[in-house]
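The file protein.csv contains CSV, C-alpha atoms:
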```
chain,number,residue,atom,x,y,z
A,1,MET,CA,17.6,-18.4,16.0
A,2,ALA,CA,15.9,-21.8,16.6
A,3,ASP,CA,14.6,-23.5,13.6
A,4,ASN,CA,10.9,-23.0,13.7
A,5,SER,CA,10.1,-25.0,10.5
A,6,TYR,CA,7.4,-27.7,10.3
A,7,HIS,CA,8.9,-31.1,10.8
A,8,ARG,CA,9.4,-33.0,7.5
A,9,PRO,CA,7.4,-36.2,7.2
A,10,ASP,CA,9.3,-39.5,7.8
A,11,PRO,CA,9.2,-41.0,4.3
A,12,ALA,CA,8.1,-44.3,5.7
A,13,SER,CA,5.0,-42.7,7.1
A,14,GLN,CA,3.8,-41.7,3.6
A,15,PRO,CA,3.2,-43.4,0.3
A,16,ASP,CA,5.5,-42.8,-2.6
A,17,TYR,CA,4.0,-41.1,-5.6
A,18,LEU,CA,4.6,-44.1,-7.8
A,19,TYR,CA,3.0,-47.4,-6.7
A,20,GLU,CA,2.6,-49.6,-9.7
A,21,PRO,CA,-0.3,-51.8,-8.4
A,22,TYR,CA,-2.4,-48.6,-8.2
A,23,ARG,CA,-2.5,-48.1,-12.0
A,24,SER,CA,-3.5,-44.4,-12.0
A,25,THR,CA,-0.1,-43.6,-10.5
A,26,LEU,CA,1.7,-44.7,-13.7
A,27,ARG,CA,0.9,-41.7,-15.8
A,28,ARG,CA,0.4,-39.2,-13.0
A,29,ALA,CA,3.2,-39.8,-10.5
A,30,PRO,CA,6.1,-37.3,-10.8
A,31,ARG,CA,9.3,-39.1,-11.7
A,32,LYS,CA,11.9,-36.4,-11.1
A,33,PRO,CA,13.3,-35.7,-7.7
A,34,LEU,CA,11.5,-33.1,-5.6
A,35,VAL,CA,13.4,-29.8,-5.1
A,36,PHE,CA,13.9,-29.3,-1.3
A,37,LEU,CA,12.4,-26.0,-0.3
A,38,PRO,CA,13.6,-24.5,2.9
A,39,GLU,CA,10.5,-23.2,4.6
A,40,THR,CA,9.5,-19.6,4.0
A,41,LEU,CA,6.6,-17.5,5.1
A,42,SER,CA,4.7,-18.9,2.2
A,43,GLU,CA,4.6,-22.4,3.7
A,44,ARG,CA,4.2,-21.2,7.3
A,45,THR,CA,1.0,-19.4,6.4
A,46,GLY,CA,-2.2,-20.9,4.9
A,47,PRO,CA,-5.9,-20.4,4.6
A,48,LEU,CA,-7.8,-20.2,7.9
A,49,PHE,CA,-11.6,-21.0,8.1
A,50,GLY,CA,-14.2,-20.0,10.6
A,51,HIS,CA,-17.7,-20.8,11.7
A,52,ASP,CA,-19.2,-19.3,8.6
A,53,GLU,CA,-18.2,-22.5,6.8
A,54,ILE,CA,-20.4,-24.6,9.1
A,55,THR,CA,-24.2,-24.9,9.4
A,56,GLU,CA,-26.2,-26.9,11.9
A,57,THR,CA,-26.4,-30.0,9.8
A,58,SER,CA,-23.0,-29.9,8.1
A,59,SER,CA,-21.4,-32.4,10.5
A,60,ASP,CA,-24.6,-34.6,10.6
A,61,LEU,CA,-24.8,-36.3,7.2
A,62,THR,CA,-28.0,-38.1,8.3
A,63,ARG,CA,-29.9,-34.8,8.7
A,64,GLN,CA,-29.2,-33.1,5.4
A,65,HIS,CA,-32.4,-34.2,3.6
A,66,ALA,CA,-36.1,-34.6,4.4
A,67,GLY,CA,-35.8,-38.2,5.4
A,68,GLU,CA,-33.2,-40.4,7.0
A,69,PRO,CA,-30.6,-42.2,4.9
A,70,LEU,CA,-30.5,-46.0,4.8
A,71,GLY,CA,-27.6,-47.8,6.4
A,72,GLN,CA,-25.9,-48.3,9.7
A,73,ARG,CA,-25.8,-45.0,11.6
A,74,ILE,CA,-22.3,-44.3,12.9
A,75,ILE,CA,-20.5,-41.6,14.9
A,76,VAL,CA,-17.0,-40.7,13.7
A,77,THR,CA,-15.0,-38.7,16.2
A,78,GLY,CA,-11.5,-37.9,17.1
A,79,ARG,CA,-8.8,-35.4,17.8
A,80,VAL,CA,-6.6,-33.5,15.4
A,81,VAL,CA,-3.2,-33.0,16.9
A,82,ASP,CA,0.3,-32.1,15.6
A,83,ASP,CA,3.3,-34.4,15.8
A,84,ASN,CA,4.1,-33.0,19.3
A,85,GLY,CA,0.7,-34.1,20.5
A,86,ARG,CA,-0.6,-30.6,20.7
A,87,PRO,CA,-4.3,-30.1,19.6
A,88,VAL,CA,-4.9,-28.3,16.3
A,89,PRO,CA,-7.9,-26.1,17.2
A,90,ASN,CA,-10.4,-24.4,14.8
A,91,THR,CA,-9.3,-26.3,11.8
A,92,LEU,CA,-11.6,-27.3,8.9
A,93,LEU,CA,-12.3,-30.9,8.2
A,94,GLU,CA,-14.2,-31.9,5.1
A,95,ILE,CA,-15.4,-35.5,4.5
A,96,TRP,CA,-17.0,-37.3,1.7
A,97,GLN,CA,-18.1,-40.9,1.2
A,98,THR,CA,-20.5,-43.3,-0.6
A,99,ASN,CA,-23.9,-44.2,0.6
A,100,ALA,CA,-24.6,-47.5,2.4
A,101,ALA,CA,-24.8,-49.3,-1.0
A,102,GLY,CA,-21.4,-48.1,-2.1
A,103,ARG,CA,-22.5,-45.4,-4.5
A,104,TYR,CA,-21.3,-41.8,-4.6
A,105,PHE,CA,-23.7,-39.0,-5.2
A,106,HIS,CA,-21.6,-38.0,-8.2
A,107,ASN,CA,-22.4,-38.1,-11.9
A,108,LYS,CA,-19.2,-39.9,-12.8
A,109,ASP,CA,-20.0,-42.8,-10.5
A,110,ASN,CA,-21.7,-45.4,-12.6
A,111,HIS,CA,-21.6,-48.3,-10.2
A,112,PRO,CA,-25.0,-49.9,-10.6
A,113,ALA,CA,-25.9,-49.6,-6.9
A,114,PRO,CA,-28.9,-47.5,-5.8
A,115,LEU,CA,-28.6,-43.8,-4.9
A,116,ASP,CA,-30.2,-42.8,-1.7
A,117,PRO,CA,-32.3,-39.6,-2.0
A,118,ASN,CA,-31.7,-38.9,1.6
A,119,PHE,CA,-27.9,-39.0,1.5
A,120,THR,CA,-25.4,-36.8,-0.2
A,121,GLY,CA,-22.3,-38.0,1.7
A,122,ALA,CA,-20.5,-34.6,2.2
A,123,GLY,CA,-19.8,-33.2,5.7
A,124,ARG,CA,-17.8,-30.3,7.2
A,125,ALA,CA,-16.7,-29.5,10.8
A,126,LEU,CA,-14.3,-27.4,12.7
A,127,THR,CA,-12.2,-28.8,15.5
A,128,ASP,CA,-12.9,-27.3,18.9
A,129,SER,CA,-10.3,-25.8,21.2
A,130,ASN,CA,-9.0,-29.3,22.1
A,131,GLY,CA,-8.7,-30.4,18.5
A,132,CYS,CA,-11.8,-32.6,18.7
A,133,TYR,CA,-14.3,-33.1,16.0
A,134,ARG,CA,-17.5,-35.3,15.6
A,135,PHE,CA,-19.5,-36.4,12.6
A,136,VAL,CA,-22.7,-38.4,12.4
A,137,THR,CA,-23.1,-40.4,9.2
A,138,ILE,CA,-23.9,-43.9,7.9
A,139,LYS,CA,-21.3,-46.6,7.3
A,140,PRO,CA,-20.2,-46.3,3.6
A,141,GLY,CA,-20.3,-49.4,1.4
A,142,ALA,CA,-17.5,-51.1,-0.5
A,143,TYR,CA,-17.6,-50.6,-4.3
A,144,PRO,CA,-15.9,-52.1,-7.4
A,145,TRP,CA,-13.4,-50.2,-9.4
A,146,ARG,CA,-11.5,-51.2,-12.5
A,147,ASN,CA,-7.9,-51.0,-11.2
A,148,HIS,CA,-7.5,-54.8,-11.6
A,149,ALA,CA,-9.7,-57.9,-12.0
A,150,ASN,CA,-12.4,-58.0,-9.3
A,151,ALA,CA,-11.0,-54.9,-7.6
A,152,TRP,CA,-13.1,-53.5,-4.7
A,153,ARG,CA,-12.3,-50.5,-2.6
A,154,PRO,CA,-12.7,-51.1,1.1
A,155,ALA,CA,-15.4,-49.0,2.8
A,156,HIS,CA,-13.8,-45.6,3.5
A,157,ILE,CA,-14.4,-42.0,4.3
A,158,HIS,CA,-12.3,-39.3,2.6
A,159,PHE,CA,-10.9,-36.7,5.0
A,160,SER,CA,-9.5,-33.3,4.0
A,161,LEU,CA,-7.7,-31.1,6.5
A,162,PHE,CA,-5.9,-27.8,6.4
A,163,GLY,CA,-4.2,-27.4,9.7
A,164,PRO,CA,-2.5,-24.0,10.4
A,165,ALA,CA,-0.3,-23.6,7.4
A,166,PHE,CA,0.2,-24.5,3.7
A,167,ALA,CA,2.8,-27.0,5.0
A,168,THR,CA,0.2,-28.9,7.0
A,169,ARG,CA,-2.4,-29.6,4.3
A,170,LEU,CA,-3.5,-33.3,4.3
A,171,ILE,CA,-6.0,-35.3,2.3
A,172,THR,CA,-6.5,-38.9,3.4
A,173,GLN,CA,-8.9,-41.8,3.8
A,174,MET,CA,-10.3,-43.4,7.0
A,175,TYR,CA,-10.9,-47.2,6.9
A,176,PHE,CA,-12.9,-49.5,9.2
A,177,PRO,CA,-11.4,-52.2,11.5
A,178,GLY,CA,-11.5,-55.8,10.3
A,179,ASP,CA,-12.3,-55.0,6.7
A,180,PRO,CA,-11.1,-58.0,4.6
A,181,LEU,CA,-10.7,-55.8,1.5
A,182,LEU,CA,-7.9,-53.7,3.0
A,183,ALA,CA,-5.3,-56.4,2.3
A,184,PHE,CA,-6.2,-56.3,-1.4
A,185,ASP,CA,-6.5,-52.6,-1.8
A,186,PRO,CA,-3.5,-51.0,-3.6
A,187,ILE,CA,-4.4,-47.5,-2.3
A,188,ALA,CA,-4.2,-48.6,1.3
A,189,GLN,CA,-1.3,-50.9,0.6
A,190,SER,CA,0.6,-48.0,-1.1
A,191,ILE,CA,1.6,-47.2,2.5
A,192,ARG,CA,4.3,-49.8,2.9
A,193,ASP,CA,4.8,-49.5,6.6
A,194,GLU,CA,2.2,-51.6,8.4
A,195,SER,CA,2.0,-49.4,11.5
A,196,ALA,CA,1.6,-46.3,9.3
A,197,ARG,CA,-1.2,-48.0,7.3
A,198,GLU,CA,-2.9,-49.0,10.6
A,199,ARG,CA,-3.1,-45.3,11.5
A,200,LEU,CA,-5.8,-45.0,8.8
A,201,ILE,CA,-8.0,-47.6,10.4
A,202,ALA,CA,-10.6,-46.2,12.8
A,203,ARG,CA,-11.0,-47.8,16.2
A,204,PHE,CA,-14.4,-49.1,17.2
A,205,ASP,CA,-15.3,-47.5,20.6
A,206,LEU,CA,-18.0,-48.5,22.9
A,207,GLN,CA,-17.8,-45.3,24.8
A,208,THR,CA,-18.5,-43.3,21.7
A,209,THR,CA,-21.3,-45.7,20.7
A,210,GLU,CA,-24.7,-44.4,21.7
A,211,PRO,CA,-27.1,-47.0,23.1
A,212,GLU,CA,-30.1,-47.7,20.9
A,213,TRP,CA,-28.8,-45.3,18.3
A,214,ALA,CA,-25.4,-45.5,16.6
A,215,LEU,CA,-22.0,-47.2,16.6
A,216,GLY,CA,-19.0,-45.1,17.5
A,217,TYR,CA,-15.6,-45.0,15.8
A,218,CYS,CA,-12.5,-43.0,16.8
A,219,PHE,CA,-10.2,-41.6,14.2
A,220,ASP,CA,-7.3,-39.4,15.4
A,221,ILE,CA,-5.3,-37.4,12.9
A,222,VAL,CA,-1.7,-36.2,13.3
A,223,LEU,CA,-0.6,-33.3,11.2
A,224,ARG,CA,2.9,-31.9,10.9
A,225,GLY,CA,4.0,-29.8,13.8
A,226,ARG,CA,7.1,-27.8,14.8
A,227,ASP,CA,9.3,-27.2,17.8
A,228,ALA,CA,8.1,-23.9,19.0
A,229,THR,CA,5.2,-21.8,18.0
A,230,PRO,CA,4.7,-18.1,18.6
A,231,PHE,CA,1.0,-18.7,19.5
A,232,GLU,CA,1.8,-21.2,22.2
A,233,ASP,CA,0.0,-20.4,25.4
B,234,MET,CA,3.8,-38.7,17.3
B,235,ASP,CA,3.7,-40.4,13.9
B,236,LEU,CA,2.0,-38.5,11.1
B,237,THR,CA,-1.2,-39.7,9.5
B,238,PRO,CA,-0.4,-40.9,6.0
B,239,SER,CA,-1.8,-39.3,2.9
B,240,GLN,CA,-4.1,-41.0,0.5
B,241,THR,CA,-5.4,-40.0,-2.9
B,242,ILE,CA,-8.2,-37.5,-3.2
B,243,GLY,CA,-9.9,-39.9,-5.7
B,244,PRO,CA,-12.2,-39.0,-8.5
B,245,PHE,CA,-15.3,-38.1,-6.5
B,246,PHE,CA,-14.1,-35.1,-4.3
B,247,HIS,CA,-16.4,-32.7,-6.2
B,248,LEU,CA,-19.4,-33.7,-4.2
B,249,CYS,CA,-17.8,-32.1,-1.1
B,250,LEU,CA,-14.8,-30.0,-1.9
B,251,THR,CA,-15.7,-28.0,-5.0
B,252,ARG,CA,-19.5,-28.1,-4.9
B,253,ASP,CA,-20.5,-25.5,-2.3
B,254,ARG,CA,-17.0,-24.1,-1.8
B,255,ALA,CA,-15.5,-23.9,-5.2
B,256,GLU,CA,-13.5,-20.6,-5.2
B,257,GLY,CA,-12.1,-19.3,-8.4
B,258,ARG,CA,-12.2,-15.7,-7.3
B,259,LEU,CA,-9.5,-14.7,-4.8
B,260,ALA,CA,-9.9,-11.0,-5.3
B,261,GLY,CA,-13.2,-9.1,-4.5
B,262,PRO,CA,-14.2,-6.1,-6.5
B,263,GLU,CA,-12.5,-3.7,-4.1
B,264,ALA,CA,-9.2,-5.6,-4.0
B,265,LYS,CA,-6.0,-3.6,-4.7
B,266,GLY,CA,-3.5,-4.5,-7.3
B,267,ASP,CA,-3.2,-5.7,-10.9
B,268,ARG,CA,-6.1,-8.0,-11.7
B,269,ILE,CA,-5.1,-11.1,-13.5
B,270,ARG,CA,-6.9,-14.2,-14.8
B,271,LEU,CA,-4.8,-17.3,-14.2
B,272,ALA,CA,-5.7,-20.1,-16.6
B,273,CYS,CA,-4.4,-23.4,-15.3
B,274,ARG,CA,-4.1,-26.8,-17.0
B,275,VAL,CA,-3.1,-30.2,-15.5
B,276,LEU,CA,-1.6,-32.8,-17.8
B,277,ASP,CA,-0.3,-36.3,-17.2
B,278,GLY,CA,2.9,-37.9,-18.3
B,279,ASP,CA,1.5,-38.6,-21.8
B,280,GLY,CA,0.4,-34.9,-22.1
B,281,ALA,CA,-3.2,-35.9,-21.8
B,282,PRO,CA,-5.5,-33.6,-19.8
B,283,VAL,CA,-6.2,-34.6,-16.2
B,284,GLY,CA,-10.0,-34.0,-16.0
B,285,ASP,CA,-10.4,-34.9,-12.3
B,286,ALA,CA,-7.7,-32.8,-10.6
B,287,MET,CA,-8.2,-30.2,-7.9
B,288,ILE,CA,-6.0,-27.1,-7.8
B,289,GLU,CA,-5.6,-25.0,-4.7
B,290,LEU,CA,-3.9,-21.6,-4.6
B,291,TRP,CA,-2.5,-19.7,-1.6
B,292,GLN,CA,-1.0,-16.3,-2.1
B,293,ALA,CA,-0.2,-13.0,-0.6
B,294,ASP,CA,-2.1,-9.8,-1.5
B,295,ALA,CA,-0.8,-7.1,-3.9
B,296,SER,CA,1.4,-5.8,-1.1
B,297,GLY,CA,2.9,-9.2,-0.4
B,298,ILE,CA,1.0,-9.7,2.8
B,299,TYR,CA,-0.5,-13.1,3.9
B,300,ASN,CA,-3.8,-13.1,5.7
B,301,HIS,CA,-2.4,-15.2,8.5
B,302,PRO,CA,-1.1,-14.6,12.1
B,303,GLU,CA,2.4,-15.7,11.1
B,304,ASP,CA,2.7,-12.7,8.8
B,305,PRO,CA,3.9,-9.8,11.0
B,306,ARG,CA,2.3,-7.3,8.6
B,307,ARG,CA,-1.1,-9.0,8.7
B,308,ALA,CA,-2.8,-6.0,10.1
B,309,SER,CA,-2.3,-4.3,6.8
B,310,HIS,CA,-3.6,-7.2,4.7
B,311,ASP,CA,-6.1,-6.1,2.0
B,312,PRO,CA,-9.6,-7.1,3.5
B,313,ALA,CA,-11.0,-7.4,-0.1
B,314,PHE,CA,-8.5,-10.1,-0.9
B,315,CYS,CA,-9.0,-13.7,0.3
B,316,GLY,CA,-5.8,-15.4,-0.8
B,317,PHE,CA,-7.2,-18.9,-1.1
B,318,GLY,CA,-8.7,-20.5,-4.1
B,319,ARG,CA,-9.6,-23.9,-5.2
B,320,LEU,CA,-11.2,-25.4,-8.3
B,321,ALA,CA,-11.7,-28.7,-10.0
B,322,THR,CA,-10.3,-29.1,-13.5
B,323,ASP,CA,-12.7,-29.7,-16.4
B,324,GLU,CA,-12.6,-32.5,-19.0
B,325,GLU,CA,-9.8,-30.6,-20.8
B,326,GLY,CA,-7.8,-30.4,-17.6
B,327,ARG,CA,-8.5,-26.7,-17.2
B,328,CYS,CA,-9.7,-24.2,-14.6
B,329,ALA,CA,-9.2,-20.5,-14.2
B,330,PHE,CA,-8.7,-18.2,-11.2
B,331,ASP,CA,-9.4,-14.5,-10.9
B,332,THR,CA,-6.9,-12.9,-8.6
B,333,VAL,CA,-4.4,-10.1,-8.4
B,334,LYS,CA,-0.7,-10.3,-8.9
B,335,PRO,CA,0.9,-11.0,-5.5
B,336,GLY,CA,3.4,-8.5,-4.2
B,337,GLN,CA,6.9,-9.3,-2.9
B,338,ILE,CA,6.9,-10.9,0.5
B,339,SER,CA,10.4,-9.7,1.2
B,340,ALA,CA,13.1,-7.8,-0.7
B,341,LEU,CA,14.7,-10.9,-2.3
B,342,GLU,CA,11.7,-13.1,-2.9
B,343,ALA,CA,10.0,-12.8,-6.3
B,344,PRO,CA,6.2,-12.6,-6.4
B,345,HIS,CA,4.7,-16.1,-6.5
B,346,ILE,CA,1.6,-18.2,-5.8
B,347,ASN,CA,1.7,-21.4,-3.9
B,348,VAL,CA,0.0,-24.3,-5.6
B,349,SER,CA,-1.2,-27.7,-4.4
B,350,VAL,CA,-2.5,-30.2,-6.9
B,351,PHE,CA,-4.5,-33.3,-5.9
B,352,ALA,CA,-5.9,-36.0,-8.2
B,353,ARG,CA,-6.8,-39.6,-8.6
B,354,GLY,CA,-3.5,-41.3,-9.0
B,355,LEU,CA,-1.6,-38.9,-6.8
B,356,LEU,CA,-1.2,-40.6,-3.5
B,357,LYS,CA,-0.2,-37.3,-1.9
B,358,ARG,CA,-0.4,-33.7,-3.2
B,359,VAL,CA,2.2,-32.1,-5.4
B,360,ALA,CA,3.3,-28.7,-4.3
B,361,THR,CA,4.7,-26.1,-6.7
B,362,ARG,CA,4.9,-22.4,-7.2
B,363,ILE,CA,3.8,-20.0,-10.0
B,364,TYR,CA,6.2,-17.2,-10.7
B,365,PHE,CA,5.7,-14.4,-13.1
B,366,SER,CA,9.3,-13.7,-13.9
B,367,ALA,CA,12.6,-15.6,-13.6
B,368,THR,CA,14.7,-12.4,-13.3
B,369,GLY,CA,16.0,-11.3,-9.9
B,370,LYS,CA,17.5,-13.2,-7.0
B,371,ASP,CA,14.7,-15.3,-5.6
B,372,PRO,CA,16.3,-17.8,-3.2
B,373,ILE,CA,13.9,-20.6,-4.0
B,374,LEU,CA,14.2,-20.3,-7.8
B,375,ALA,CA,17.9,-20.3,-7.3
B,376,LEU,CA,17.6,-23.9,-5.9
B,377,VAL,CA,15.8,-25.1,-9.1
B,378,PRO,CA,18.0,-26.4,-11.9
B,379,GLU,CA,18.2,-23.7,-14.5
B,380,ASN,CA,16.9,-25.9,-17.3
B,381,ARG,CA,13.7,-26.6,-15.3
B,382,ARG,CA,12.9,-23.1,-14.0
B,383,ASP,CA,10.6,-22.3,-16.9
B,384,THR,CA,8.2,-25.0,-15.6
B,385,LEU,CA,7.4,-22.6,-12.8
B,386,LEU,CA,6.7,-19.5,-15.0
B,387,ALA,CA,3.3,-18.4,-15.9
B,388,ARG,CA,3.0,-17.3,-19.5
B,389,ARG,CA,1.5,-13.9,-20.3
B,390,ASP,CA,-1.0,-13.8,-23.2
B,391,SER,CA,0.4,-11.8,-26.1
B,392,ARG,CA,-3.0,-10.0,-26.7
B,393,ASN,CA,-4.5,-9.8,-23.2
B,394,PRO,CA,-1.9,-8.6,-20.7
B,395,ALA,CA,-4.2,-9.6,-17.8
B,396,LEU,CA,-4.4,-13.2,-18.9
B,397,TRP,CA,-1.7,-15.6,-17.7
B,398,SER,CA,-1.5,-19.4,-18.2
B,399,PHE,CA,0.2,-22.1,-16.2
B,400,ASP,CA,0.5,-25.7,-17.1
B,401,VAL,CA,1.2,-28.4,-14.5
B,402,HIS,CA,2.9,-31.4,-16.1
B,403,LEU,CA,2.6,-34.2,-13.4
B,404,SER,CA,5.2,-36.3,-15.2
B,405,GLY,CA,6.9,-36.6,-18.6
B,406,ASP,CA,9.6,-34.7,-20.4
B,407,HIS,CA,8.2,-31.3,-19.2
B,408,GLU,CA,7.5,-32.4,-15.7
B,409,THR,CA,6.8,-29.4,-13.5
B,410,VAL,CA,9.2,-28.8,-10.6
B,411,PHE,CA,7.5,-30.0,-7.5
B,412,PHE,CA,8.8,-29.0,-4.1
B,413,ASP,CA,9.6,-31.0,-1.0
B,414,ILE,CA,8.0,-28.5,1.4
```
Translate this structure into structure tokens?
Amino acid sequence: MADNSYHRPDPASQPDYLYEPYRSTLRRAPRKPLVFLPETLSERTGPLFGHDEITETSSDLTRQHAGEPLGQRIIVTGRVVDDNGRPVPNTLLEIWQTNAAGRYFHNKDNHPAPLDPNFTGAGRALTDSNGCYRFVTIKPGAYPWRNHANAWRPAHIHFSLFGPAFATRLITQMYFPGDPLLAFDPIAQSIRDESARERLIARFDLQTTEPEWALGYCFDIVLRGRDATPFED
Amino acid sequence: MDLTPSQTIGPFFHLCLTRDRAEGRLAGPEAKGDRIRLACRVLDGDGAPVGDAMIELWQADASGIYNHPEDPRRASHDPAFCGFGRLATDEEGRCAFDTVKPGQISALEAPHINVSVFARGLLKRVATRIYFSATGKDPILALVPENRRDTLLARRDSRNPALWSFDVHLSGDHETVFFDI
């Protein structure tokens, strides 16, 4: 029988758990070797979500309140594919981010930047049959954190994806091109391979940009795939 | 194609992931099986509570069937059982799920719940399993060094047989066994 397991990530494509410059890893990173788990039905299955997760405004973060949020309106779109390049359809994406001033709508965020009453910063979408998704939001701001002296996180959008199985779960962050803070950010730099790191930087796209309205960014996401799938058509 | 790298969930995920869709109840009132409450706790390498973690559970129903097309027995899956749960931990590192004890997926495999833990300071998730007993011939437990198997066992409360607890030690002497899945 052909091995139908999800491909294991190339270690260079992922950060290690322990990365000293990101101080929170020191007490939280596992230190013992992982136990290799040959794939079973438990990893091949996983939660599936449908259109009941989505409302009309869940993918438009600029229309979730009475008024429009402040900031640069942007469109963030892309394709979710597996490592064979096959689309991952009907999968749930969840995103969260700061407002334009770099403040999260969160009681633990005490950065003294203004909250925006018209912006929560949470979105949800399902990919279509081609694996495509699209969000409308505003460009998030950079914000300080206390990891080291004068530490600032580059502007980013958090992305959470499930894919078709427990094995394909991914939480990551999307960054913006040309951000000078990326070089100083230990979270981004925890990915040691430069080309892997660059896969987290969205691409500005004039085709996606809508005249007189919003800048467009493309961010494609690649989840683990496998050689053959019983659902293939 | 090259995979998209993982990044930490950070400390502010609640505003999206566990605000509208926090799900601590995997089993509806009609679900079949032994109802249990699973009290989880996440601790760091110093034994301090991790108050900003997110735990996700994925499990089979009381008959050992996953609600997923890969499971050939899916047609018999208990419709009152959802199988997926996720909660944020509180200041004490705790959260509790209401579910049913999963059944056996196959003759050899012991009942277990699949667990993902995300947190600030975790650049990628940790994946582990909750087992209810170490007896039997479970092929995955057999791969775990014997002196670490107890880190995968939920503990049953001595007074309340429906209450089980499970601690995740991210690091330290009692580090939980995490799997390379």
Problem set entry | Nearby residues (all atoms listed in the file) at most 7 Å from B:His402, same-chain spacing under 4 positions excluded, as an MDAnalysis selection string | chainID B and resid 275:278 407:409
Exercise. Using all atoms listed in the file, which residue out of B:Phe317, B:Tyr299, B:Phe411, B:Phe246 lies closest to A:Ala29?
Worked result: B:Phe411
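Residues within 6 Å of stretch 138-152 of chain A, counting only C-alpha atoms and excluding same-chain residues fewer than 6 positions away, are Gly71, Gln72, Arg73, Ile74, Thr98, Asn99, Ala100, Ala101 and Gly102 of chain A.
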Exercise. Residues at most 9 Å from stretch 201-209 of chain A, counting all atoms listed in the file, excluding those fewer than 5 positions away in the same chain, as a PyMOL selection string?
Worked result: chain A and resi 74-77+173-178+214-220
Now that the selection is made, can you save its residues with C-alpha atoms as a JSON list (two decimals), keeping the file's coordinate frame?
```json
[["chain", "number", "residue", "atom", "x", "y", "z"],
["A", 74, "ILE", "CA", -22.30, -44.30, 12.90],
["A", 75, "ILE", "CA", -20.50, -41.60, 14.90],
["A", 76, "VAL", "CA", -17.00, -40.70, 13.70],
["A", 77, "THR", "CA", -15.00, -38.70, 16.20],
["A", 173, "GLN", "CA", -8.90, -41.80, 3.80],
["A", 174, "MET", "CA", -10.30, -43.40, 7.00],
["A", 175, "TYR", "CA", -10.90, -47.20, 6.90],
["A", 176, "PHE", "CA", -12.90, -49.50, 9.20],
["A", 177, "PRO", "CA", -11.40, -52.20, 11.50],
["A", 178, "GLY", "CA", -11.50, -55.80, 10.30],
["A", 214, "ALA", "CA", -25.40, -45.50, 16.60],
["A", 215, "LEU", "CA", -22.00, -47.20, 16.60],
["A", 216, "GLY", "CA", -19.00, -45.10, 17.50],
["A", 217, "TYR", "CA", -15.60, -45.00, 15.80],
["A", 218, "CYS", "CA", -12.50, -43.00, 16.80],
["A", 219, "PHE", "CA", -10.20, -41.60, 14.20],
["A", 220, "ASP", "CA", -7.30, -39.40, 15.40]]
```
Problem set entry | Exercise: A:Ile221 partners within 12 Å, all atoms listed in the file, chain neighbours under 6 positions left out, as a count of residues only | 40
Which residues of chain A come within 7 Å of chain B, and for each one, what is the closest pair of atoms and their distance in Å to one decimal, counting all atoms listed in the file, sorted by chain and residue number, as a tab-separated table?
```
residue	atom	partner	partner_atom	distance
A:Ser13	CA	B:Pro238	CA	5.8
A:Gln14	CA	B:Pro238	CA	4.9
A:Pro15	CA	B:Leu356	CA	6.5
A:Tyr17	CA	B:Leu356	CA	5.6
A:Ser24	CA	B:Gly354	CA	4.3
A:Thr25	CA	B:Gly354	CA	4.4
A:Arg27	CA	B:Gly278	CA	5.0
A:Arg28	CA	B:Asp277	CA	5.2
A:Ala29	CA	B:Leu355	CA	6.1
A:Pro30	CA	B:Ser404	CA	4.6
A:Arg31	CA	B:Ser404	CA	6.1
A:Leu34	CA	B:Phe412	CA	5.1
A:Val35	CA	B:Phe412	CA	4.8
A:Phe36	CA	B:Asp413	CA	4.6
A:Leu37	CA	B:Ile414	CA	5.3
A:Glu39	CA	B:Ile414	CA	6.7
A:Arg44	CA	B:Glu303	CA	6.9
A:Thr45	CA	B:His301	CA	5.8
A:Gly46	CA	B:Trp291	CA	6.6
A:Pro47	CA	B:Phe317	CA	6.0
A:Asp83	CA	B:Met234	CA	4.6
A:Asn84	CA	B:Met234	CA	6.0
A:Gly85	CA	B:Met234	CA	6.4
A:Ile95	CA	B:Cys249	CA	7.0
A:Trp96	CA	B:Cys249	CA	6.0
A:Phe105	CA	B:Leu248	CA	6.9
A:His106	CA	B:Leu248	CA	6.3
A:Ala122	CA	B:Cys249	CA	4.9
A:Ala167	CA	B:Ile414	CA	6.5
A:Leu170	CA	B:Ser239	CA	6.4
A:Ile171	CA	B:Ser239	CA	5.8
A:Thr172	CA	B:Gln240	CA	4.3
A:Gln173	CA	B:Gln240	CA	5.9
A:Ala196	CA	B:Pro238	CA	6.6
A:Arg199	CA	B:Thr237	CA	6.2
A:Ile221	CA	B:Thr237	CA	5.8
A:Val222	CA	B:Leu236	CA	4.9
A:Leu223	CA	B:Leu236	CA	5.8
A:Arg224	CA	B:Leu236	CA	6.7
```
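In this comparison, which uses all atoms listed in the file, the residue of B:Thr251, B:Ser391, B:Asn380, B:Ser296 approaching B:Lys265 most closely is B:Ser296.
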